[in-house]
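Peer 1: To be precise about what I am sending: the file is called work23.cif and holds mmCIF, N, CA and C atoms.
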data_data
loop_
_atom_site.label_atom_id
_atom_site.label_comp_id
_atom_site.auth_asym_id
_atom_site.auth_seq_id
_atom_site.Cartn_x
_atom_site.Cartn_y
_atom_site.Cartn_z
N MET A 1 193.72 61.22 10.06
CA MET A 1 193.11 60.34 9.08
C MET A 1 192.20 61.16 8.19
N SER A 2 192.64 61.42 6.98
CA SER A 2 191.85 62.21 6.06
C SER A 2 191.06 61.31 5.11
N ILE A 3 189.78 61.64 4.92
CA ILE A 3 188.91 60.86 4.04
C ILE A 3 188.34 61.78 2.98
N LYS A 4 188.47 61.35 1.71
CA LYS A 4 187.91 62.11 0.59
C LYS A 4 186.98 61.18 -0.18
N ILE A 5 185.70 61.48 -0.21
CA ILE A 5 184.73 60.65 -0.92
C ILE A 5 184.87 60.93 -2.42
N VAL A 6 185.07 59.88 -3.20
CA VAL A 6 185.29 60.00 -4.64
C VAL A 6 184.01 59.75 -5.42
N ALA A 7 183.29 58.68 -5.07
CA ALA A 7 182.06 58.33 -5.79
C ALA A 7 181.04 57.74 -4.82
N THR A 8 179.78 58.06 -5.03
CA THR A 8 178.71 57.48 -4.22
C THR A 8 177.66 56.88 -5.13
N ASN A 9 176.97 55.90 -4.59
CA ASN A 9 175.88 55.25 -5.31
C ASN A 9 174.58 55.77 -4.67
N ARG A 10 174.04 56.84 -5.22
CA ARG A 10 172.89 57.52 -4.62
C ARG A 10 171.61 56.70 -4.70
N LYS A 11 171.48 55.89 -5.75
CA LYS A 11 170.27 55.09 -5.93
C LYS A 11 170.19 53.94 -4.93
N ALA A 12 171.32 53.54 -4.37
CA ALA A 12 171.39 52.36 -3.51
C ALA A 12 170.42 52.43 -2.33
N SER A 13 170.38 53.56 -1.64
CA SER A 13 169.52 53.66 -0.46
C SER A 13 168.04 53.71 -0.82
N HIS A 14 167.72 54.08 -2.06
CA HIS A 14 166.33 54.13 -2.50
C HIS A 14 165.86 52.78 -3.04
N GLU A 15 166.73 52.07 -3.75
CA GLU A 15 166.33 50.83 -4.41
C GLU A 15 166.58 49.58 -3.58
N TYR A 16 167.44 49.66 -2.56
CA TYR A 16 167.80 48.49 -1.78
C TYR A 16 167.62 48.77 -0.29
N PHE A 17 167.34 47.71 0.47
CA PHE A 17 167.34 47.79 1.91
C PHE A 17 168.72 47.33 2.37
N ILE A 18 169.45 48.19 3.05
CA ILE A 18 170.84 47.91 3.41
C ILE A 18 170.88 47.14 4.73
N LEU A 19 171.37 45.90 4.67
CA LEU A 19 171.45 45.03 5.84
C LEU A 19 172.72 45.27 6.65
N GLU A 20 173.86 45.29 5.94
CA GLU A 20 175.15 45.47 6.61
C GLU A 20 176.09 46.26 5.71
N LYS A 21 177.14 46.81 6.34
CA LYS A 21 178.16 47.54 5.59
C LYS A 21 179.53 46.94 5.90
N PHE A 22 180.36 46.83 4.87
CA PHE A 22 181.73 46.36 5.02
C PHE A 22 182.65 47.37 4.36
N GLU A 23 183.89 47.41 4.84
CA GLU A 23 184.92 48.24 4.20
C GLU A 23 185.95 47.31 3.58
N ALA A 24 186.27 47.56 2.31
CA ALA A 24 187.25 46.73 1.61
C ALA A 24 188.22 47.61 0.85
N GLY A 25 189.42 47.11 0.67
CA GLY A 25 190.40 47.79 -0.16
C GLY A 25 190.19 47.38 -1.62
N LEU A 26 190.73 48.16 -2.53
CA LEU A 26 190.63 47.88 -3.96
C LEU A 26 192.02 47.60 -4.53
N VAL A 27 192.14 46.57 -5.37
CA VAL A 27 193.38 46.30 -6.08
C VAL A 27 193.31 47.07 -7.40
N LEU A 28 194.19 48.05 -7.57
CA LEU A 28 194.14 48.93 -8.74
C LEU A 28 195.47 49.00 -9.47
N GLN A 29 195.41 49.40 -10.74
CA GLN A 29 196.61 49.68 -11.50
C GLN A 29 196.99 51.14 -11.28
N GLY A 30 198.19 51.52 -11.68
CA GLY A 30 198.69 52.88 -11.45
C GLY A 30 197.83 53.96 -12.07
N SER A 31 197.39 53.74 -13.31
CA SER A 31 196.58 54.76 -13.98
C SER A 31 195.18 54.86 -13.35
N GLU A 32 194.70 53.75 -12.75
CA GLU A 32 193.37 53.76 -12.13
C GLU A 32 193.36 54.62 -10.86
N ILE A 33 194.36 54.48 -10.03
CA ILE A 33 194.39 55.25 -8.78
C ILE A 33 194.54 56.74 -9.08
N LYS A 34 195.29 57.09 -10.11
CA LYS A 34 195.42 58.50 -10.48
C LYS A 34 194.09 59.06 -10.97
N SER A 35 193.35 58.26 -11.72
CA SER A 35 192.05 58.68 -12.21
C SER A 35 191.04 58.80 -11.05
N ILE A 36 191.10 57.87 -10.11
CA ILE A 36 190.21 57.91 -8.95
C ILE A 36 190.52 59.13 -8.08
N ARG A 37 191.80 59.44 -7.88
CA ARG A 37 192.18 60.63 -7.11
C ARG A 37 191.66 61.90 -7.76
N ALA A 38 191.50 61.88 -9.10
CA ALA A 38 190.96 63.03 -9.82
C ALA A 38 189.43 63.04 -9.79
N GLY A 39 188.82 62.03 -9.16
CA GLY A 39 187.36 61.98 -9.04
C GLY A 39 186.66 61.42 -10.26
N GLN A 40 187.36 60.68 -11.11
CA GLN A 40 186.81 60.16 -12.35
C GLN A 40 186.32 58.72 -12.20
N MET A 41 185.33 58.50 -11.33
CA MET A 41 184.80 57.16 -11.10
C MET A 41 183.29 57.21 -10.96
N SER A 42 182.62 56.15 -11.44
CA SER A 42 181.16 56.04 -11.35
C SER A 42 180.76 54.66 -10.86
N LEU A 43 179.82 54.62 -9.92
CA LEU A 43 179.30 53.35 -9.38
C LEU A 43 177.87 53.09 -9.83
N ALA A 44 177.42 53.77 -10.89
CA ALA A 44 176.02 53.73 -11.30
C ALA A 44 175.48 52.32 -11.52
N GLU A 45 176.19 51.46 -12.24
CA GLU A 45 175.70 50.12 -12.54
C GLU A 45 176.53 49.04 -11.86
N ALA A 46 177.34 49.42 -10.89
CA ALA A 46 178.28 48.48 -10.28
C ALA A 46 177.62 47.55 -9.28
N TYR A 47 178.20 46.36 -9.16
CA TYR A 47 177.80 45.39 -8.15
C TYR A 47 179.02 44.57 -7.76
N ILE A 48 178.88 43.74 -6.73
CA ILE A 48 180.00 42.95 -6.26
C ILE A 48 179.67 41.47 -6.41
N ARG A 49 180.59 40.74 -7.03
CA ARG A 49 180.42 39.32 -7.26
C ARG A 49 181.42 38.56 -6.39
N THR A 50 180.99 37.43 -5.82
CA THR A 50 181.89 36.61 -5.02
C THR A 50 181.66 35.14 -5.34
N ASP A 51 182.73 34.35 -5.17
CA ASP A 51 182.62 32.92 -5.39
C ASP A 51 182.94 32.14 -4.11
N GLY A 52 183.01 32.82 -2.98
CA GLY A 52 183.33 32.17 -1.72
C GLY A 52 184.81 32.26 -1.37
N ARG A 53 185.66 32.55 -2.36
CA ARG A 53 187.10 32.68 -2.12
C ARG A 53 187.61 34.09 -2.39
N GLU A 54 187.01 34.77 -3.39
CA GLU A 54 187.41 36.12 -3.76
C GLU A 54 186.17 36.96 -4.00
N ALA A 55 186.34 38.27 -3.89
CA ALA A 55 185.24 39.20 -4.18
C ALA A 55 185.74 40.19 -5.24
N TRP A 56 184.87 40.54 -6.19
CA TRP A 56 185.22 41.40 -7.31
C TRP A 56 184.21 42.52 -7.47
N LEU A 57 184.69 43.73 -7.73
CA LEU A 57 183.85 44.86 -8.08
C LEU A 57 183.67 44.82 -9.60
N VAL A 58 182.42 44.71 -10.04
CA VAL A 58 182.12 44.53 -11.46
C VAL A 58 181.33 45.73 -11.98
N ASP A 59 181.63 46.18 -13.20
CA ASP A 59 180.92 47.25 -13.91
C ASP A 59 181.07 48.64 -13.30
N ALA A 60 182.05 48.85 -12.45
CA ALA A 60 182.35 50.21 -11.99
C ALA A 60 183.19 50.88 -13.07
N HIS A 61 182.88 52.11 -13.40
CA HIS A 61 183.60 52.80 -14.47
C HIS A 61 184.64 53.74 -13.89
N VAL A 62 185.90 53.49 -14.24
CA VAL A 62 187.01 54.38 -13.89
C VAL A 62 187.52 54.95 -15.20
N ALA A 63 187.36 56.25 -15.38
CA ALA A 63 187.73 56.90 -16.64
C ALA A 63 189.22 56.73 -16.92
N PRO A 64 189.60 56.57 -18.19
CA PRO A 64 191.03 56.48 -18.53
C PRO A 64 191.77 57.74 -18.11
N TYR A 65 193.00 57.57 -17.67
CA TYR A 65 193.83 58.69 -17.23
C TYR A 65 194.56 59.26 -18.44
N GLU A 66 194.38 60.54 -18.69
CA GLU A 66 194.88 61.19 -19.90
C GLU A 66 196.39 61.00 -20.11
N GLN A 67 197.20 61.17 -19.08
CA GLN A 67 198.65 61.13 -19.24
C GLN A 67 199.23 59.73 -19.31
N ALA A 68 198.41 58.67 -19.17
CA ALA A 68 198.94 57.31 -19.16
C ALA A 68 199.19 56.77 -20.56
N SER A 69 198.68 57.40 -21.59
CA SER A 69 198.84 57.03 -23.00
C SER A 69 198.62 55.54 -23.24
N ILE A 70 199.63 54.81 -23.69
CA ILE A 70 199.45 53.40 -24.03
C ILE A 70 199.37 52.50 -22.80
N TYR A 71 199.73 53.00 -21.63
CA TYR A 71 199.73 52.20 -20.41
C TYR A 71 198.42 52.34 -19.63
N ASN A 72 197.36 52.77 -20.31
CA ASN A 72 196.08 53.00 -19.65
C ASN A 72 195.39 51.69 -19.33
N HIS A 73 194.33 51.77 -18.53
CA HIS A 73 193.58 50.61 -18.07
C HIS A 73 192.26 50.48 -18.83
N GLU A 74 191.63 49.33 -18.72
CA GLU A 74 190.30 49.09 -19.27
C GLU A 74 189.30 49.74 -18.31
N PRO A 75 188.42 50.65 -18.77
CA PRO A 75 187.54 51.41 -17.86
C PRO A 75 186.59 50.56 -17.02
N ARG A 76 186.06 49.45 -17.54
CA ARG A 76 185.08 48.65 -16.79
C ARG A 76 185.60 47.27 -16.39
N ARG A 77 186.90 47.12 -16.23
CA ARG A 77 187.43 45.80 -15.87
C ARG A 77 187.05 45.43 -14.44
N PRO A 78 186.90 44.13 -14.15
CA PRO A 78 186.62 43.72 -12.76
C PRO A 78 187.82 44.02 -11.87
N ARG A 79 187.56 44.54 -10.67
CA ARG A 79 188.64 44.87 -9.74
C ARG A 79 188.48 44.05 -8.47
N LYS A 80 189.56 43.44 -8.04
CA LYS A 80 189.54 42.58 -6.87
C LYS A 80 189.38 43.41 -5.59
N LEU A 81 188.60 42.89 -4.65
CA LEU A 81 188.41 43.55 -3.35
C LEU A 81 189.24 42.83 -2.30
N LEU A 82 189.78 43.59 -1.39
CA LEU A 82 190.58 43.04 -0.30
C LEU A 82 189.72 42.94 0.96
N LEU A 83 189.31 41.72 1.27
CA LEU A 83 188.49 41.44 2.46
C LEU A 83 189.09 40.24 3.20
N HIS A 84 188.73 40.09 4.46
CA HIS A 84 189.14 38.90 5.22
C HIS A 84 188.37 37.69 4.72
N LYS A 85 188.95 36.50 4.89
CA LYS A 85 188.30 35.27 4.43
C LYS A 85 186.92 35.08 5.07
N LYS A 86 186.81 35.39 6.35
CA LYS A 86 185.52 35.24 7.05
C LYS A 86 184.47 36.15 6.45
N GLU A 87 184.88 37.38 6.09
CA GLU A 87 183.93 38.32 5.49
C GLU A 87 183.47 37.82 4.13
N ILE A 88 184.38 37.30 3.32
CA ILE A 88 184.02 36.79 1.99
C ILE A 88 183.09 35.60 2.12
N ARG A 89 183.39 34.68 3.04
CA ARG A 89 182.51 33.51 3.25
C ARG A 89 181.13 33.95 3.72
N TYR A 90 181.09 34.92 4.61
CA TYR A 90 179.81 35.43 5.10
C TYR A 90 178.99 36.03 3.95
N LEU A 91 179.64 36.85 3.12
CA LEU A 91 178.96 37.46 1.97
C LEU A 91 178.48 36.39 0.99
N TRP A 92 179.30 35.37 0.76
CA TRP A 92 178.93 34.27 -0.14
C TRP A 92 177.67 33.56 0.35
N ASN A 93 177.61 33.30 1.67
CA ASN A 93 176.42 32.64 2.23
C ASN A 93 175.19 33.52 2.14
N GLU A 94 175.35 34.82 2.30
CA GLU A 94 174.22 35.74 2.20
C GLU A 94 173.71 35.87 0.77
N VAL A 95 174.64 35.91 -0.21
CA VAL A 95 174.26 36.09 -1.60
C VAL A 95 173.48 34.88 -2.13
N ARG A 96 173.75 33.71 -1.60
CA ARG A 96 173.05 32.52 -2.07
C ARG A 96 171.59 32.52 -1.67
N GLN A 97 171.20 33.38 -0.71
CA GLN A 97 169.79 33.53 -0.37
C GLN A 97 169.09 34.29 -1.48
N LYS A 98 167.82 34.02 -1.64
CA LYS A 98 167.07 34.68 -2.70
C LYS A 98 166.86 36.16 -2.36
N GLY A 99 167.15 37.02 -3.32
CA GLY A 99 166.89 38.44 -3.17
C GLY A 99 167.97 39.25 -2.48
N VAL A 100 169.13 38.66 -2.20
CA VAL A 100 170.22 39.39 -1.55
C VAL A 100 171.29 39.71 -2.59
N THR A 101 171.68 40.99 -2.66
CA THR A 101 172.67 41.47 -3.61
C THR A 101 173.72 42.29 -2.86
N ILE A 102 174.95 42.23 -3.32
CA ILE A 102 176.01 43.06 -2.73
C ILE A 102 176.24 44.23 -3.68
N ILE A 103 176.07 45.45 -3.17
CA ILE A 103 176.26 46.64 -3.99
C ILE A 103 177.24 47.59 -3.30
N PRO A 104 178.04 48.30 -4.08
CA PRO A 104 178.94 49.29 -3.50
C PRO A 104 178.17 50.58 -3.17
N LEU A 105 178.41 51.13 -2.00
CA LEU A 105 177.73 52.36 -1.60
C LEU A 105 178.57 53.59 -1.92
N LYS A 106 179.87 53.51 -1.63
CA LYS A 106 180.74 54.65 -1.94
C LYS A 106 182.19 54.20 -2.04
N VAL A 107 182.96 54.97 -2.77
CA VAL A 107 184.41 54.78 -2.87
C VAL A 107 185.05 56.03 -2.32
N TYR A 108 186.04 55.86 -1.47
CA TYR A 108 186.70 57.00 -0.86
C TYR A 108 188.18 56.72 -0.68
N LEU A 109 188.94 57.78 -0.50
CA LEU A 109 190.37 57.69 -0.26
C LEU A 109 190.62 57.92 1.22
N SER A 110 191.25 56.94 1.87
CA SER A 110 191.58 57.05 3.27
C SER A 110 193.10 56.96 3.38
N ASP A 111 193.74 58.05 3.74
CA ASP A 111 195.19 58.15 3.81
C ASP A 111 195.85 57.71 2.50
N GLY A 112 195.26 58.11 1.37
CA GLY A 112 195.84 57.82 0.06
C GLY A 112 195.49 56.47 -0.52
N ARG A 113 194.78 55.62 0.24
CA ARG A 113 194.40 54.30 -0.25
C ARG A 113 192.91 54.29 -0.62
N ALA A 114 192.60 53.65 -1.75
CA ALA A 114 191.20 53.57 -2.19
C ALA A 114 190.47 52.49 -1.42
N LYS A 115 189.34 52.87 -0.83
CA LYS A 115 188.50 51.94 -0.07
C LYS A 115 187.09 51.98 -0.64
N ILE A 116 186.36 50.89 -0.45
CA ILE A 116 184.99 50.82 -0.91
C ILE A 116 184.11 50.36 0.25
N GLU A 117 182.91 50.92 0.33
CA GLU A 117 181.98 50.54 1.40
C GLU A 117 180.83 49.78 0.77
#
Translate the structure of the given file into structure tokens.
Peer 2:
Amino acid sequence: MSIKIVATNRKASHEYFILEKFEAGLVLQGSEIKSIRAGQMSLAEAYIRTDGREAWLVDAHVAPYEQASIYNHEPRRPRKLLLHKKEIRYLWNEVRQKGVTIIPLKVYLSDGRAKIE
């Protein structure tokens, strides 16, 4: 099982108190995964939004992939997270409390698949 860390949110541990950690998969387009494999991703202003049914990674920047030409992706588009229903419901209940925010800590490749913590 090979793990390659692509992007980390260094400010997260300084600005937030981390209560729990979850691992989720990312739904990506072809040009996005190629750009992420090249290390072209930033979590500087990213956060995670949920509505109780789905979770989305918002404001994460994935640089456009040079060779994709007209088939490129939008750099800051919302990306769906793959989590279990119980995990999404749990996060939804936590977020509704005052002062609780869901932030991404790092993005890494695990056996070729993009994961977020």
Peer 1: Name the residues of chain A that come out as helix (DSSP H, G or I) in a backbone DSSP run; write them as a ChimeraX atom specification.
Peer 2: /A:12-15,30-37,66-71,85-95
Peer 1: From the options A:Ser13, A:Ser31, A:Gln97, A:Gln40, which residue's atoms come nearest to A:Asn72, counting only N, CA and C atoms?
Peer 2: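 That would be A:Ser31, the residue with the smallest distance to A:Asn72.
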Peer 1: Would you mind reading off the distance between atom N of A:Ile88 and atom C of A:Gly39, one decimal, in Å?
Peer 2: 27.8 Å
Peer 1: When DSSP is applied to the backbone of this structure, which of chain A are assigned strand (DSSP E)? Write them out as a PyMOL selection string.
Peer 2: chain A and resi 3-8+24-26+41-42+47-50+55-58+61-62+79-82+106-110+113-116
Peer 1: Quick one: pull the distance between atom CA of A:Tyr47 and atom CA of A:Pro78, Å, one decimal.
Peer 2: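 For atom CA of A:Tyr47 relative to atom CA of A:Pro78, the distance reads 10.1 Å.
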Peer 1: Name the closest residue to A:Lys115 among the candidates A:Ile36, A:Gly25, A:Tyr71, A:Gly52; distances are taken between atoms, counting all atoms listed in the file.
Peer 2: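 Closest residue, counting all atoms listed in the file: A:Gly25.
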Peer 1: Spell out the residues picked by the PyMOL selection byres (((chain A and resi 110 and name CA) around 8) and name CA) here, as a count of residues only.
Peer 2: 11
Peer 1: A:Trp56, A:Ile70, A:Glu45, A:Arg79: which is nearest A:Leu28, counting all atoms listed in the file?
Peer 2: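 Result for the nearest residue to A:Leu28: A:Arg79.
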Peer 1: So what does the PyMOL selection byres ((chain A and resi 103) around 5) actually pick up in this one, as an MDAnalysis selection string?
Peer 2: chainID A and resid 47:48 101:102 104:105
Peer 1: For a test of reading the model, state the distance in Å between atom CA of A:Lys21 and atom CA of A:Ile33, rounded to one decimal.
Peer 2: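 Answer for the atom CA of A:Lys21 to atom CA of A:Ile33 separation: 23.0 Å.
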Peer 1: For a quick check of understanding, using all atoms listed in the file, which of A:Ile116, A:Val107, A:Val100, A:Leu26 has the smallest distance to A:Thr8?
Peer 2: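 Looking only at the distances to A:Thr8, the closest residue turns out to be A:Val107.
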Peer 1: Of the residues A:Tyr16, A:Ala24, A:Trp92, A:Asn9, which is the one nearest to A:Ala60, using only C-alpha atoms?
Peer 2: A:Asn9
Peer 1: Taking all atoms listed in the file into account, which of A:Tyr65, A:Asp59, A:Pro75, A:Glu20 comes nearest A:Ala44?
Peer 2: A:Asp59
Peer 1: Applying 8 Å and only N, CA and C atoms, which residues near A:His73 remain after dropping the ones on its own chain fewer than 6 positions away? List them as a list in words.
Peer 2: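 In the requested form, the answer reads Gln29, Gly30, Ser31, Glu32, Val62, Ala63, Pro64 and Tyr65 of chain A.
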Peer 1: Show me, as a CSV table (one decimal) with N, CA and C atoms, in the frame of the given file, the residues that have an atom within 7 Å of A:Ala55 when counting all atoms listed in the file, minus same-chain residues fewer than 4 positions from it.
Peer 2:
chain,number,residue,atom,x,y,z
A,48,ILE,N,178.9,43.7,-6.7
A,48,ILE,CA,180.0,43.0,-6.3
A,48,ILE,C,179.7,41.5,-6.4
A,49,ARG,N,180.6,40.7,-7.0
A,49,ARG,CA,180.4,39.3,-7.3
A,49,ARG,C,181.4,38.6,-6.4
A,50,THR,N,181.0,37.4,-5.8
A,50,THR,CA,181.9,36.6,-5.0
A,50,THR,C,181.7,35.1,-5.3
A,51,ASP,N,182.7,34.4,-5.2
A,51,ASP,CA,182.6,32.9,-5.4
A,51,ASP,C,182.9,32.1,-4.1
A,79,ARG,N,187.6,44.5,-10.7
A,79,ARG,CA,188.6,44.9,-9.7
A,79,ARG,C,188.5,44.0,-8.5
A,80,LYS,N,189.6,43.4,-8.0
A,80,LYS,CA,189.5,42.6,-6.9
A,80,LYS,C,189.4,43.4,-5.6
A,81,LEU,N,188.6,42.9,-4.6
A,81,LEU,CA,188.4,43.6,-3.4
A,81,LEU,C,189.2,42.8,-2.3
A,82,LEU,N,189.8,43.6,-1.4
A,82,LEU,CA,190.6,43.0,-0.3
A,82,LEU,C,189.7,42.9,1.0
A,83,LEU,N,189.3,41.7,1.3
A,83,LEU,CA,188.5,41.4,2.5
A,83,LEU,C,189.1,40.2,3.2
A,88,ILE,N,184.4,37.3,3.3
A,88,ILE,CA,184.0,36.8,2.0
A,88,ILE,C,183.1,35.6,2.1
Peer 1: Is there a way to complete stretch 21-32 of chain A with N, CA, C and O atoms and then write that out as a short mmCIF file (atom, residue, chain, number, x, y, z; two decimals), keeping the file's coordinate frame?
Peer 2:
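Result went into result_5.cif, see below:
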data_model
loop_
_atom_site.label_atom_id
_atom_site.label_comp_id
_atom_site.auth_asym_id
_atom_site.auth_seq_id
_atom_site.Cartn_x
_atom_site.Cartn_y
_atom_site.Cartn_z
N LYS A 21 177.14 46.81 6.34
CA LYS A 21 178.16 47.54 5.59
C LYS A 21 179.53 46.94 5.90
O LYS A 21 179.81 46.60 7.05
N PHE A 22 180.36 46.83 4.87
CA PHE A 22 181.73 46.36 5.02
C PHE A 22 182.65 47.37 4.36
O PHE A 22 182.25 48.06 3.43
N GLU A 23 183.89 47.41 4.84
CA GLU A 23 184.92 48.24 4.20
C GLU A 23 185.95 47.31 3.58
O GLU A 23 186.41 46.37 4.23
N ALA A 24 186.27 47.56 2.31
CA ALA A 24 187.25 46.73 1.61
C ALA A 24 188.22 47.61 0.85
O ALA A 24 187.87 48.71 0.41
N GLY A 25 189.42 47.11 0.67
CA GLY A 25 190.40 47.79 -0.16
C GLY A 25 190.19 47.38 -1.62
O GLY A 25 189.56 46.36 -1.90
N LEU A 26 190.73 48.16 -2.53
CA LEU A 26 190.63 47.88 -3.96
C LEU A 26 192.02 47.60 -4.53
O LEU A 26 192.97 48.32 -4.21
N VAL A 27 192.14 46.57 -5.37
CA VAL A 27 193.38 46.30 -6.08
C VAL A 27 193.31 47.07 -7.40
O VAL A 27 192.44 46.80 -8.23
N LEU A 28 194.19 48.05 -7.57
CA LEU A 28 194.14 48.93 -8.74
C LEU A 28 195.47 49.00 -9.47
O LEU A 28 196.52 48.72 -8.89
N GLN A 29 195.41 49.40 -10.74
CA GLN A 29 196.61 49.68 -11.50
C GLN A 29 196.99 51.14 -11.28
O GLN A 29 196.19 51.92 -10.76
N GLY A 30 198.19 51.52 -11.68
CA GLY A 30 198.69 52.88 -11.45
C GLY A 30 197.83 53.96 -12.07
O GLY A 30 197.53 54.98 -11.44
N SER A 31 197.39 53.74 -13.31
CA SER A 31 196.58 54.76 -13.98
C SER A 31 195.18 54.86 -13.35
O SER A 31 194.55 55.90 -13.39
N GLU A 32 194.70 53.75 -12.75
CA GLU A 32 193.37 53.76 -12.13
C GLU A 32 193.36 54.62 -10.86
O GLU A 32 192.44 55.40 -10.66
#
